[in-house]
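Q: One file is attached below, upload04.cif, containing mmCIF, C-alpha atoms and all ligand atoms.
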data_run
#
loop_
_atom_site.label_atom_id
_atom_site.label_comp_id
_atom_site.auth_asym_id
_atom_site.auth_seq_id
_atom_site.Cartn_x
_atom_site.Cartn_y
_atom_site.Cartn_z
CA MET A 713 126.03 114.66 103.29
CA ASN A 714 125.68 116.29 99.88
CA GLU A 715 121.91 116.44 99.58
CA LYS A 716 121.84 117.89 96.09
CA ALA A 717 124.27 115.29 94.71
CA CYS A 718 122.15 112.61 96.31
CA LYS A 719 118.95 113.90 94.70
CA VAL A 720 120.69 114.04 91.31
CA LEU A 721 121.91 110.47 91.79
CA ALA A 722 118.41 109.31 92.74
CA ALA A 723 117.02 110.88 89.56
CA ARG A 724 119.76 109.21 87.53
CA ILE A 725 119.01 105.86 89.13
CA ARG A 726 115.29 106.30 88.26
CA LEU A 727 116.10 107.08 84.63
CA GLU A 728 118.50 104.14 84.32
CA THR A 729 116.06 101.79 86.08
CA LEU A 730 113.48 102.65 83.46
CA LYS A 731 116.01 102.14 80.66
CA VAL A 732 117.01 98.75 82.05
CA ILE A 733 113.39 97.58 82.16
CA HIS A 734 112.62 99.21 78.81
CA SER A 735 115.33 97.02 77.26
CA ARG A 736 113.04 94.05 77.97
CA GLY A 737 109.80 95.99 77.47
CA PHE A 738 108.15 94.95 80.73
CA GLY A 739 109.04 94.20 84.34
CA HIS A 740 108.94 95.16 87.99
CA VAL A 741 108.78 98.92 87.66
CA GLY A 742 106.78 99.66 90.84
CA GLY A 743 108.97 98.07 93.50
CA SER A 744 112.18 99.14 91.74
CA MET A 745 111.46 102.84 91.24
CA ASP A 746 110.39 103.42 94.84
CA LEU A 747 113.87 102.39 96.09
CA ALA A 748 115.88 104.92 94.04
CA ASP A 749 116.25 107.41 96.90
CA LEU A 750 117.44 104.72 99.29
CA MET A 751 119.93 103.39 96.73
CA ALA A 752 121.25 106.92 96.12
CA VAL A 753 121.92 107.44 99.83
CA LEU A 754 123.46 103.98 100.26
CA TYR A 755 125.79 104.05 97.24
CA GLY A 756 126.29 107.82 97.05
CA GLU A 757 126.89 108.57 100.72
CA VAL A 758 127.07 105.62 103.05
CA MET A 759 128.37 102.32 101.78
CA LYS A 760 131.94 101.08 101.50
CA PHE A 761 132.43 99.27 98.19
CA ASP A 762 134.95 98.82 95.39
CA PRO A 763 133.41 98.44 91.93
CA LYS A 764 136.69 96.89 90.69
CA ASN A 765 136.61 94.33 93.50
CA PRO A 766 132.93 93.60 94.21
CA ARG A 767 133.76 90.83 96.72
CA TRP A 768 136.14 92.98 98.75
CA GLU A 769 135.90 91.34 102.20
CA ASP A 770 135.42 94.54 104.20
CA ARG A 771 132.70 95.96 101.94
CA ASP A 772 129.24 96.80 103.17
CA TRP A 773 126.65 94.36 101.87
CA LEU A 774 123.35 95.05 100.16
CA VAL A 775 120.72 92.33 100.20
CA LEU A 776 117.60 93.13 98.21
CA SER A 777 115.40 90.61 99.92
CA LYS A 778 112.59 91.82 97.66
CA GLY A 779 114.71 90.44 94.84
CA HIS A 780 112.25 91.40 92.11
CA ALA A 781 113.61 94.96 92.48
CA GLY A 782 116.77 93.80 90.64
CA PRO A 783 116.52 96.58 88.01
CA VAL A 784 117.13 99.36 90.55
CA ALA A 785 120.25 97.53 91.74
CA TYR A 786 121.49 97.03 88.17
CA ALA A 787 120.97 100.73 87.44
CA THR A 788 122.83 101.74 90.62
CA PHE A 789 125.74 99.33 90.11
CA GLY A 790 126.10 100.45 86.47
CA ILE A 791 126.24 104.10 87.49
CA MET A 792 128.79 103.24 90.21
CA GLY A 793 131.08 101.56 87.68
CA PHE A 794 130.68 97.86 88.49
CA TYR A 795 130.17 97.33 84.70
CA PRO A 796 129.33 99.48 81.68
CA MET A 797 125.73 100.67 82.10
CA GLU A 798 124.78 99.30 78.68
CA ASP A 799 125.48 95.74 79.89
CA ALA A 800 122.36 95.96 82.02
CA TYR A 801 120.21 96.78 79.00
CA THR A 802 119.93 93.02 78.51
CA LEU A 803 117.51 92.46 81.39
CA ASN A 804 116.04 88.98 81.19
CA HIS A 805 117.33 88.39 77.67
CA PRO A 806 118.69 84.88 76.95
CA HIS A 807 122.10 84.34 78.65
CA THR A 808 121.96 87.74 80.37
CA LYS A 809 123.89 88.49 83.55
CA PHE A 810 120.90 90.60 84.63
CA PRO A 811 117.94 88.39 85.56
CA SER A 812 114.82 90.05 86.93
CA HIS A 813 115.66 88.77 90.44
CA THR A 814 119.15 89.36 91.83
CA ASP A 815 121.67 86.52 91.53
CA ARG A 816 125.11 86.72 93.17
CA GLN A 817 126.61 84.24 90.71
CA LEU A 818 125.70 86.37 87.71
CA THR A 819 125.91 90.07 88.50
CA PRO A 820 128.87 92.00 89.92
CA GLY A 821 127.67 93.94 92.98
CA VAL A 822 124.98 91.46 94.03
CA ASP A 823 125.95 90.11 97.43
CA LEU A 824 123.27 87.45 97.93
CA THR A 825 120.81 85.72 95.62
CA THR A 826 117.17 86.57 96.32
CA GLY A 827 113.73 86.22 94.77
CA SER A 828 111.99 83.80 97.06
CA LEU A 829 110.47 86.36 99.41
CA GLY A 830 111.53 86.14 103.05
CA GLN A 831 114.74 84.25 102.44
CA GLY A 832 116.94 87.31 101.89
CA ALA A 833 116.06 88.55 105.36
CA SER A 834 117.50 85.41 106.92
CA THR A 835 120.55 85.05 104.64
CA ALA A 836 121.38 88.75 105.22
CA THR A 837 121.13 88.11 108.96
CA GLY A 838 123.49 85.15 108.60
CA ALA A 839 125.94 87.35 106.70
CA ALA A 840 125.79 89.92 109.50
CA LEU A 841 126.52 87.21 112.08
CA GLY A 842 129.42 85.94 109.97
CA ASN A 843 130.87 89.42 109.58
CA LYS A 844 130.64 89.95 113.34
CA ILE A 845 132.37 86.64 114.07
CA ASP A 846 135.12 87.64 111.61
CA GLY A 847 135.50 90.98 113.41
CA ARG A 848 134.74 93.07 110.33
CA ASP A 849 133.88 96.74 110.64
CA ASN A 850 131.07 96.76 108.11
CA HIS A 851 127.29 96.67 107.76
CA VAL A 852 124.66 94.64 105.98
CA PHE A 853 121.74 96.58 104.50
CA CYS A 854 118.71 94.42 103.85
CA VAL A 855 115.64 95.67 101.96
CA ILE A 856 112.31 93.94 102.69
CA GLY A 857 108.90 94.63 101.11
CA ASP A 858 105.79 95.20 103.22
CA GLY A 859 104.10 92.38 101.30
CA GLU A 860 107.19 90.26 101.77
CA ALA A 861 106.82 90.81 105.51
CA ASP A 862 103.81 88.45 105.34
CA GLU A 863 106.49 85.74 105.38
CA GLY A 864 107.19 84.43 108.88
CA GLU A 865 110.86 84.03 107.95
CA VAL A 866 111.27 87.82 108.08
CA TRP A 867 110.20 87.87 111.72
CA GLU A 868 112.34 84.87 112.57
CA ALA A 869 115.30 86.80 111.15
CA PHE A 870 114.48 89.82 113.35
CA HIS A 871 114.20 87.55 116.38
CA PHE A 872 117.57 85.94 115.60
CA ALA A 873 119.28 89.30 114.94
CA TYR A 874 117.98 90.68 118.24
CA ALA A 875 119.08 87.59 120.17
CA HIS A 876 122.58 87.81 118.67
CA LYS A 877 122.81 91.60 119.23
CA LEU A 878 123.56 92.18 115.54
CA ASP A 879 124.08 95.92 115.47
CA ASN A 880 125.83 95.55 112.10
CA ILE A 881 122.60 94.99 110.16
CA ILE A 882 120.00 97.55 109.14
CA TYR A 883 116.71 96.26 107.76
CA PHE A 884 114.68 98.60 105.59
CA ILE A 885 110.98 97.88 105.16
CA ASP A 886 109.73 99.39 101.91
CA ASN A 887 106.28 100.28 103.19
CA ASN A 888 104.58 101.24 99.92
CA GLY A 889 101.25 99.77 100.97
CA TYR A 890 100.95 97.45 97.97
CA GLN A 891 102.02 93.97 97.00
CA LEU A 892 101.56 91.86 93.86
CA ASP A 893 97.80 91.62 93.83
CA GLY A 894 96.59 94.63 95.76
CA PRO A 895 96.90 96.74 98.89
CA THR A 896 98.81 95.03 101.69
CA ASP A 897 96.08 96.07 104.14
CA ASP A 898 93.47 94.15 102.13
CA ILE A 899 95.54 91.00 101.74
CA LEU A 900 97.09 90.53 105.17
CA ALA A 901 97.14 93.72 107.21
CA HIS A 902 100.17 94.33 109.42
CA GLY A 903 98.67 97.04 111.59
CA ASP A 904 101.51 99.33 112.61
CA ILE A 905 104.50 97.57 111.06
CA ALA A 906 107.03 99.88 112.75
CA LYS A 907 105.59 99.10 116.19
CA LYS A 908 105.70 95.43 115.31
CA ALA A 909 109.41 95.61 114.36
CA ALA A 910 110.13 97.58 117.54
CA SER A 911 108.35 94.91 119.57
CA PHE A 912 110.93 92.42 118.26
CA GLY A 913 113.59 94.53 119.98
CA LEU A 914 114.83 96.32 116.86
CA TYR A 915 115.80 100.00 117.10
CA THR A 916 113.10 101.20 114.75
CA GLN A 917 112.62 104.50 112.92
CA GLU A 918 109.87 105.46 110.51
CA ILE A 919 110.61 108.05 107.81
CA ASP A 920 109.68 109.36 104.37
CA GLY A 921 111.46 106.93 102.03
CA HIS A 922 111.83 109.59 99.34
CA ASP A 923 113.61 112.13 101.59
CA VAL A 924 117.33 111.52 101.11
CA LYS A 925 118.33 113.60 104.14
CA ALA A 926 115.89 111.68 106.38
CA ILE A 927 117.28 108.38 105.09
CA TYR A 928 120.87 109.50 105.71
CA ASP A 929 120.08 110.75 109.22
CA ALA A 930 118.22 107.55 110.11
CA ILE A 931 121.23 105.48 109.06
CA GLN A 932 123.52 107.63 111.22
CA ASN A 933 121.14 107.13 114.17
CA ALA A 934 121.24 103.39 113.54
CA TYR A 935 125.07 103.42 113.46
CA ALA A 936 125.09 105.21 116.82
CA THR A 937 122.79 102.66 118.45
CA LYS A 938 124.93 99.80 119.75
CA GLY A 939 123.94 96.31 120.78
CA VAL A 940 120.68 95.99 118.82
CA PRO A 941 119.80 95.57 115.15
CA SER A 942 118.04 98.45 113.40
CA CYS A 943 114.93 98.69 111.28
CA ILE A 944 114.06 101.72 109.16
CA VAL A 945 110.51 101.76 107.86
CA LEU A 946 110.34 103.74 104.62
CA LYS A 947 107.01 105.27 103.64
CA THR A 948 107.18 105.14 99.86
CA SER A 949 105.02 105.46 96.76
CA LYS A 950 105.10 102.33 94.61
CA GLY A 951 106.35 103.22 91.12
CA LYS A 952 107.68 106.61 92.27
CA GLY A 953 108.47 108.73 89.22
CA ALA A 954 107.24 106.29 86.54
CA THR A 955 104.36 108.06 84.83
CA PHE A 956 102.56 104.87 83.80
CA ALA A 957 103.12 102.95 87.05
CA GLU A 958 102.89 105.30 90.03
CA PRO A 959 99.23 106.35 89.67
CA LYS A 960 98.11 102.69 89.63
CA HIS A 961 100.77 101.39 92.09
CA ASP A 962 101.71 98.86 89.38
CA HIS A 963 103.54 95.77 90.56
CA SER A 964 104.80 94.84 87.13
CA SER A 965 104.13 96.90 84.05
CA GLN A 966 103.94 96.28 80.33
CA PRO A 967 103.45 99.75 78.87
CA ASN A 968 103.22 100.47 75.15
CA GLU A 969 105.96 102.42 73.37
CA GLU A 970 104.09 105.69 73.69
CA GLN A 971 103.86 105.24 77.45
CA TRP A 972 107.53 104.30 77.60
CA ALA A 973 108.47 107.45 75.65
CA GLU A 974 106.43 109.59 78.04
CA ALA A 975 107.97 107.96 81.12
CA LEU A 976 111.54 108.19 79.84
CA ALA A 977 111.05 111.85 78.90
CA ALA A 978 109.64 112.60 82.37
CA ALA A 979 112.60 110.86 84.01
CA GLU A 980 115.05 112.82 81.81
CA LYS A 981 113.31 116.03 82.84
CA ALA A 982 113.37 115.06 86.53
CA LEU A 983 117.12 114.51 86.20
CA ALA A 984 117.66 117.89 84.50
CA ASP A 985 115.50 119.58 87.16
CA ALA A 986 117.53 117.95 89.96
CA GLU A 987 120.78 119.06 88.31
CA ASN A 988 119.55 122.64 87.89
CA ALA A 989 117.93 122.95 91.34
C1 LIG B 1001 107.99 83.06 98.52
C2 LIG B 1001 107.44 83.89 97.41
N1 LIG B 1001 106.10 83.95 97.22
C3 LIG B 1001 105.59 84.66 96.20
C4 LIG B 1001 106.42 85.34 95.34
C5 LIG B 1001 105.82 86.13 94.20
N2 LIG B 1001 105.91 87.56 94.42
C6 LIG B 1001 106.86 88.30 93.85
S1 LIG B 1001 106.80 89.91 94.29
C7 LIG B 1001 105.44 89.64 95.26
C8 LIG B 1001 104.79 90.76 96.05
C9 LIG B 1001 105.73 91.35 97.03
O1 LIG B 1001 105.18 92.50 97.63
P1 LIG B 1001 106.13 93.53 98.36
O2 LIG B 1001 107.10 92.79 99.19
O3 LIG B 1001 105.28 94.53 99.04
O4 LIG B 1001 106.95 94.14 97.15
P2 LIG B 1001 106.81 95.59 96.48
O5 LIG B 1001 105.37 96.03 96.56
O6 LIG B 1001 107.68 96.50 97.27
O7 LIG B 1001 107.31 95.41 95.09
C10 LIG B 1001 105.06 88.30 95.22
C11 LIG B 1001 103.91 87.74 95.96
C12 LIG B 1001 107.81 85.26 95.57
N3 LIG B 1001 108.69 85.92 94.79
N4 LIG B 1001 108.29 84.55 96.61
#
Before we go any further, please render this structure as structure tokens.
Ligand SMILES: Cc1ncc(C[n+]2csc(CCOP(=O)(O)OP(=O)(O)O)c2C)c(N)n1
A:
Amino acid sequence: MNEKACKVLAARIRLETLKVIHSRGFGHVGGSMDLADLMAVLYGEVMKFDPKNPRWEDRDWLVLSKGHAGPVAYATFGIMGFYPMEDAYTLNHPHTKFPSHTDRQLTPGVDLTTGSLGQGASTATGAALGNKIDGRDNHVFCVIGDGEADEGEVWEAFHFAYAHKLDNIIYFIDNNGYQLDGPTDDILAHGDIAKKAASFGLYTQEIDGHDVKAIYDAIQNAYATKGVPSCIVLKTSKGKGATFAEPKHDHSSQPNEEQWAEALAAAEKALADAENA
């Protein structure tokens, strides 16, 4: 893999994610920004896709089951050429193709509609089963929040994937330790979520979710493990890189213009630093 290019892409995704949300003034900064490194590895290094033919049948699929992280997907797809980046600077405006939660009928690049937590895990699992039945050589990547994993449907999906030996799906759990209204441990503690996923029969790895090399290597390990679905637990920092959001682990943010200016300048600098590293 090209680690430097991946870090530059992650920094670009962070900057564009902020710009997308800034176009509306407020939104889900926390749970979007912490996925930038994962998105950079997926779209920069790993996934098969064609921005001119988003429904290409042999593509790899991305399902953001934590659908409120739409802005990080819109930033990534814009950078990858699915549409002009500026189109996404209409987030949640009337008649936009970029709603806060991902919608496959509106946005090129979105493979499944999500937003009702838990459901993306099962629809992604269904897509993986369908792809297997069709004999396709592709993967489904499904991103689940640690708060979202309070939903029983997530664990039903793991059970089903294990029973059907779906080695063409990789679940990522974005283990940032926070959900909408506080720390996940205070609301409904999981204990060791990686152990729990492993106990469902998933080949489970636990890594630093901001280390692009670790993410890449974990995906390669998952590819090499046949006959069982994979789960990669990402230890992340909610709001990663957003100056107004990360210190408070903001779920959604409504910063003032001064705070926006500071955050955008910091993201520009992080991008320049990554380019010059
Ligand atoms: C079924 C359902 N219940 C409640 C919500 C409202 N909601 C949106 S995001 C969120 C918190 C999710 O926490 P987590 O999965 O940890 O997301 P992250 O912290 O990574 O943003 C909640 C409760 C929802 N979208 N769907």
Q: Let me have all residues with an atom within 10 Å of ligand LIG 1001 (chain B), counting all atoms listed in the file, laid out as a ChimeraX atom specification.
A: /A:740-747,777-781,813,826-831,855-863,865,885-896,948-951,961-964
Q: Mind pulling up the distance from CA of Met751 in chain A to CA of Phe912 in chain A?
A: 25.8 Å
Q: Which one is closest to Lys952 in chain A: A:Gly756, A:Gly921, A:Pro820, A:Gly847? Count all atoms listed in the file.
A: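 Selected residue with least distance to Lys952 in chain A: A:Gly921.
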Q: Quick one, how far is CA of Val940 in chain A from CA of Leu900 in chain A?
A: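 One can read the CA of Val940 in chain A to CA of Leu900 in chain A distance as 27.8 Å.
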Q: Between A:Leu730, A:Leu750, A:Ala836, A:Val775, single out the one closest to Ala930 in chain A, counting all atoms listed in the file.
A: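 Closest to Ala930 in chain A of all the choices is A:Leu750.
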Q: Can you work out which one of A:Asp849, A:Glu958, A:Glu974, A:Glu918 has the shortest atom-to-atom distance to Tyr935 in chain A, counting only C-alpha atoms?
A: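 Of A:Asp849, A:Glu958, A:Glu974, A:Glu918, the one nearest Tyr935 in chain A is A:Asp849, counting only C-alpha atoms.
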Q: Counting all atoms listed in the file, figure out which residue out of A:Asp770, A:Asp762, A:Asp923, A:Glu970 gets nearest to Ala722 in chain A.
A: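 The shortest atom-to-atom distance to Ala722 in chain A comes from A:Asp923.
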Q: What is the CA of Ser834 in chain A to CA of Gly913 in chain A distance in Å?
A: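 Between these atoms lies a distance of 16.4 Å.
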Q: Counting all atoms listed in the file, which residue out of A:Asp846, A:Glu728, A:Glu769, A:Asp823 sits closest to Met792 in chain A?
A: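 Nearest candidate to Met792 in chain A out of A:Asp846, A:Glu728, A:Glu769, A:Asp823: A:Glu728.
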Q: Considering only C-alpha atoms, return as number ranges by chain whatever protein or nucleic-acid residues lie within 8 Å of Leu824 in chain A, sequence-local ones (same chain, fewer than 3 positions apart) excluded.
A: A: 774-775, 814-816, 832, 835-836
Q: Residues within 10 Å of (124.7, 104.8, 85.3), file coordinates, counting all atoms listed in the file: what are they? Give the list as a PDB file with C-alpha atoms, in the coordinates of the input.
A:
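Here's the written file result_34.pdb:
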ATOM      1  CA  LEU A 721     121.910 110.470  91.790  1.00  0.00           C
ATOM      2  CA  ARG A 724     119.760 109.210  87.530  1.00  0.00           C
ATOM      3  CA  ILE A 725     119.010 105.860  89.130  1.00  0.00           C
ATOM      4  CA  ARG A 726     115.290 106.300  88.260  1.00  0.00           C
ATOM      5  CA  LEU A 727     116.100 107.080  84.630  1.00  0.00           C
ATOM      6  CA  GLU A 728     118.500 104.140  84.320  1.00  0.00           C
ATOM      7  CA  THR A 729     116.060 101.790  86.080  1.00  0.00           C
ATOM      8  CA  TYR A 786     121.490  97.030  88.170  1.00  0.00           C
ATOM      9  CA  ALA A 787     120.970 100.730  87.440  1.00  0.00           C
ATOM     10  CA  THR A 788     122.830 101.740  90.620  1.00  0.00           C
ATOM     11  CA  PHE A 789     125.740  99.330  90.110  1.00  0.00           C
ATOM     12  CA  GLY A 790     126.100 100.450  86.470  1.00  0.00           C
ATOM     13  CA  ILE A 791     126.240 104.100  87.490  1.00  0.00           C
ATOM     14  CA  MET A 792     128.790 103.240  90.210  1.00  0.00           C
ATOM     15  CA  GLY A 793     131.080 101.560  87.680  1.00  0.00           C
ATOM     16  CA  PHE A 794     130.680  97.860  88.490  1.00  0.00           C
ATOM     17  CA  TYR A 795     130.170  97.330  84.700  1.00  0.00           C
ATOM     18  CA  PRO A 796     129.330  99.480  81.680  1.00  0.00           C
ATOM     19  CA  MET A 797     125.730 100.670  82.100  1.00  0.00           C
ATOM     20  CA  GLU A 798     124.780  99.300  78.680  1.00  0.00           C
ATOM     21  CA  ALA A 800     122.360  95.960  82.020  1.00  0.00           C
TER      22      ALA A 800
END
Q: Neighbouring residues of Phe738 in chain A were defined as those with any atom within 9 Å, considering all atoms listed in the file; residues of the same chain fewer than 4 positions away were excluded. Please report them as a PyMOL selection string.
A: chain A and resi 733-734+964-967
Q: Counting all atoms listed in the file, figure out which residue out of A:Asp929, A:Asp920, A:Glu868, A:Asp904 gets nearest to Val758 in chain A.
A: A:Asp929
Q: Considering all atoms listed in the file, tabulate each residue of range 906-962 of chain A that lies at most 10 Å from range 871-877 of chain A along with its nearest interatomic pair and the corresponding distance in Å to one decimal; arrange the rows by chain and ascending residue number and present them as JSON lines.
A:
{"residue": "A:Ala909", "atom": "CA", "partner": "A:His871", "partner_atom": "CA", "distance": 9.6}
{"residue": "A:Ser911", "atom": "CA", "partner": "A:His871", "partner_atom": "CA", "distance": 9.9}
{"residue": "A:Phe912", "atom": "CA", "partner": "A:His871", "partner_atom": "CA", "distance": 6.2}
{"residue": "A:Gly913", "atom": "CA", "partner": "A:Tyr874", "partner_atom": "CA", "distance": 6.1}
{"residue": "A:Leu914", "atom": "CA", "partner": "A:Tyr874", "partner_atom": "CA", "distance": 6.6}
{"residue": "A:Tyr915", "atom": "CA", "partner": "A:Tyr874", "partner_atom": "CA", "distance": 9.6}
{"residue": "A:Lys938", "atom": "CA", "partner": "A:Lys877", "partner_atom": "CA", "distance": 8.5}
{"residue": "A:Gly939", "atom": "CA", "partner": "A:Lys877", "partner_atom": "CA", "distance": 5.1}
{"residue": "A:Val940", "atom": "CA", "partner": "A:Lys877", "partner_atom": "CA", "distance": 4.9}
{"residue": "A:Pro941", "atom": "CA", "partner": "A:Tyr874", "partner_atom": "CA", "distance": 6.1}
{"residue": "A:Ser942", "atom": "CA", "partner": "A:Tyr874", "partner_atom": "CA", "distance": 9.2}
Q: Just write the chosen residues, C-alpha atoms, as a PDB file, in the frame of the given file.
A:
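Saved to selection-v6.pdb:
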ATOM      1  CA  ALA A 909     109.410  95.610 114.360  1.00  0.00           C
ATOM      2  CA  SER A 911     108.350  94.910 119.570  1.00  0.00           C
ATOM      3  CA  PHE A 912     110.930  92.420 118.260  1.00  0.00           C
ATOM      4  CA  GLY A 913     113.590  94.530 119.980  1.00  0.00           C
ATOM      5  CA  LEU A 914     114.830  96.320 116.860  1.00  0.00           C
ATOM      6  CA  TYR A 915     115.800 100.000 117.100  1.00  0.00           C
ATOM      7  CA  LYS A 938     124.930  99.800 119.750  1.00  0.00           C
ATOM      8  CA  GLY A 939     123.940  96.310 120.780  1.00  0.00           C
ATOM      9  CA  VAL A 940     120.680  95.990 118.820  1.00  0.00           C
ATOM     10  CA  PRO A 941     119.800  95.570 115.150  1.00  0.00           C
ATOM     11  CA  SER A 942     118.040  98.450 113.400  1.00  0.00           C
TER      12      SER A 942
END
Q: Rebuild range 727-744 of chain A to N, CA, C and O atoms - output it as a CSV table (one decimal), in the coordinates of the input, please.
A:
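part18.csv, freshly written:
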chain,number,residue,atom,x,y,z
A,727,LEU,N,116.0,107.1,86.1
A,727,LEU,CA,116.1,107.1,84.6
A,727,LEU,C,116.7,105.8,84.1
A,727,LEU,O,116.2,105.1,83.2
A,728,GLU,N,117.8,105.4,84.8
A,728,GLU,CA,118.5,104.1,84.3
A,728,GLU,C,117.7,102.9,84.6
A,728,GLU,O,117.7,101.9,83.9
A,729,THR,N,116.9,102.9,85.8
A,729,THR,CA,116.1,101.8,86.1
A,729,THR,C,115.0,101.6,85.0
A,729,THR,O,114.8,100.5,84.5
A,730,LEU,N,114.5,102.7,84.6
A,730,LEU,CA,113.5,102.6,83.5
A,730,LEU,C,114.1,102.1,82.2
A,730,LEU,O,113.6,101.3,81.5
A,731,LYS,N,115.3,102.6,81.9
A,731,LYS,CA,116.0,102.1,80.7
A,731,LYS,C,116.3,100.6,80.7
A,731,LYS,O,116.2,99.9,79.7
A,732,VAL,N,116.7,100.2,81.9
A,732,VAL,CA,117.0,98.8,82.0
A,732,VAL,C,115.7,97.9,81.8
A,732,VAL,O,115.8,97.0,81.0
A,733,ILE,N,114.6,98.4,82.3
A,733,ILE,CA,113.4,97.6,82.2
A,733,ILE,C,112.9,97.8,80.7
A,733,ILE,O,112.4,96.8,80.1
A,734,HIS,N,113.1,99.0,80.2
A,734,HIS,CA,112.6,99.2,78.8
A,734,HIS,C,113.3,98.3,77.8
A,734,HIS,O,112.8,97.9,76.8
A,735,SER,N,114.6,97.9,78.2
A,735,SER,CA,115.3,97.0,77.3
A,735,SER,C,114.6,95.7,77.1
A,735,SER,O,114.8,95.0,76.1
A,736,ARG,N,113.8,95.3,78.1
A,736,ARG,CA,113.0,94.0,78.0
A,736,ARG,C,111.6,94.3,77.6
A,736,ARG,O,110.9,93.5,77.1
A,737,GLY,N,111.2,95.6,77.9
A,737,GLY,CA,109.8,96.0,77.5
A,737,GLY,C,108.8,95.9,78.6
A,737,GLY,O,107.8,96.6,78.6
A,738,PHE,N,109.1,95.1,79.6
A,738,PHE,CA,108.2,95.0,80.7
A,738,PHE,C,108.9,94.5,81.9
A,738,PHE,O,110.1,94.0,81.8
A,739,GLY,N,108.3,94.6,83.1
A,739,GLY,CA,109.0,94.2,84.3
A,739,GLY,C,108.5,94.9,85.6
A,739,GLY,O,107.5,95.6,85.6
A,740,HIS,N,109.3,94.7,86.7
A,740,HIS,CA,108.9,95.2,88.0
A,740,HIS,C,109.3,96.6,88.2
A,740,HIS,O,110.3,97.0,88.9
A,741,VAL,N,108.5,97.5,87.6
A,741,VAL,CA,108.8,98.9,87.7
A,741,VAL,C,108.5,99.4,89.1
A,741,VAL,O,109.3,100.2,89.7
A,742,GLY,N,107.3,99.1,89.6
A,742,GLY,CA,106.8,99.7,90.8
A,742,GLY,C,107.7,99.5,92.0
A,742,GLY,O,108.1,100.5,92.6
A,743,GLY,N,108.1,98.3,92.3
A,743,GLY,CA,109.0,98.1,93.5
A,743,GLY,C,110.4,98.4,93.3
A,743,GLY,O,111.2,98.3,94.2
A,744,SER,N,110.8,98.7,92.0
A,744,SER,CA,112.2,99.1,91.7
A,744,SER,C,112.3,100.7,91.9
A,744,SER,O,113.2,101.2,92.6
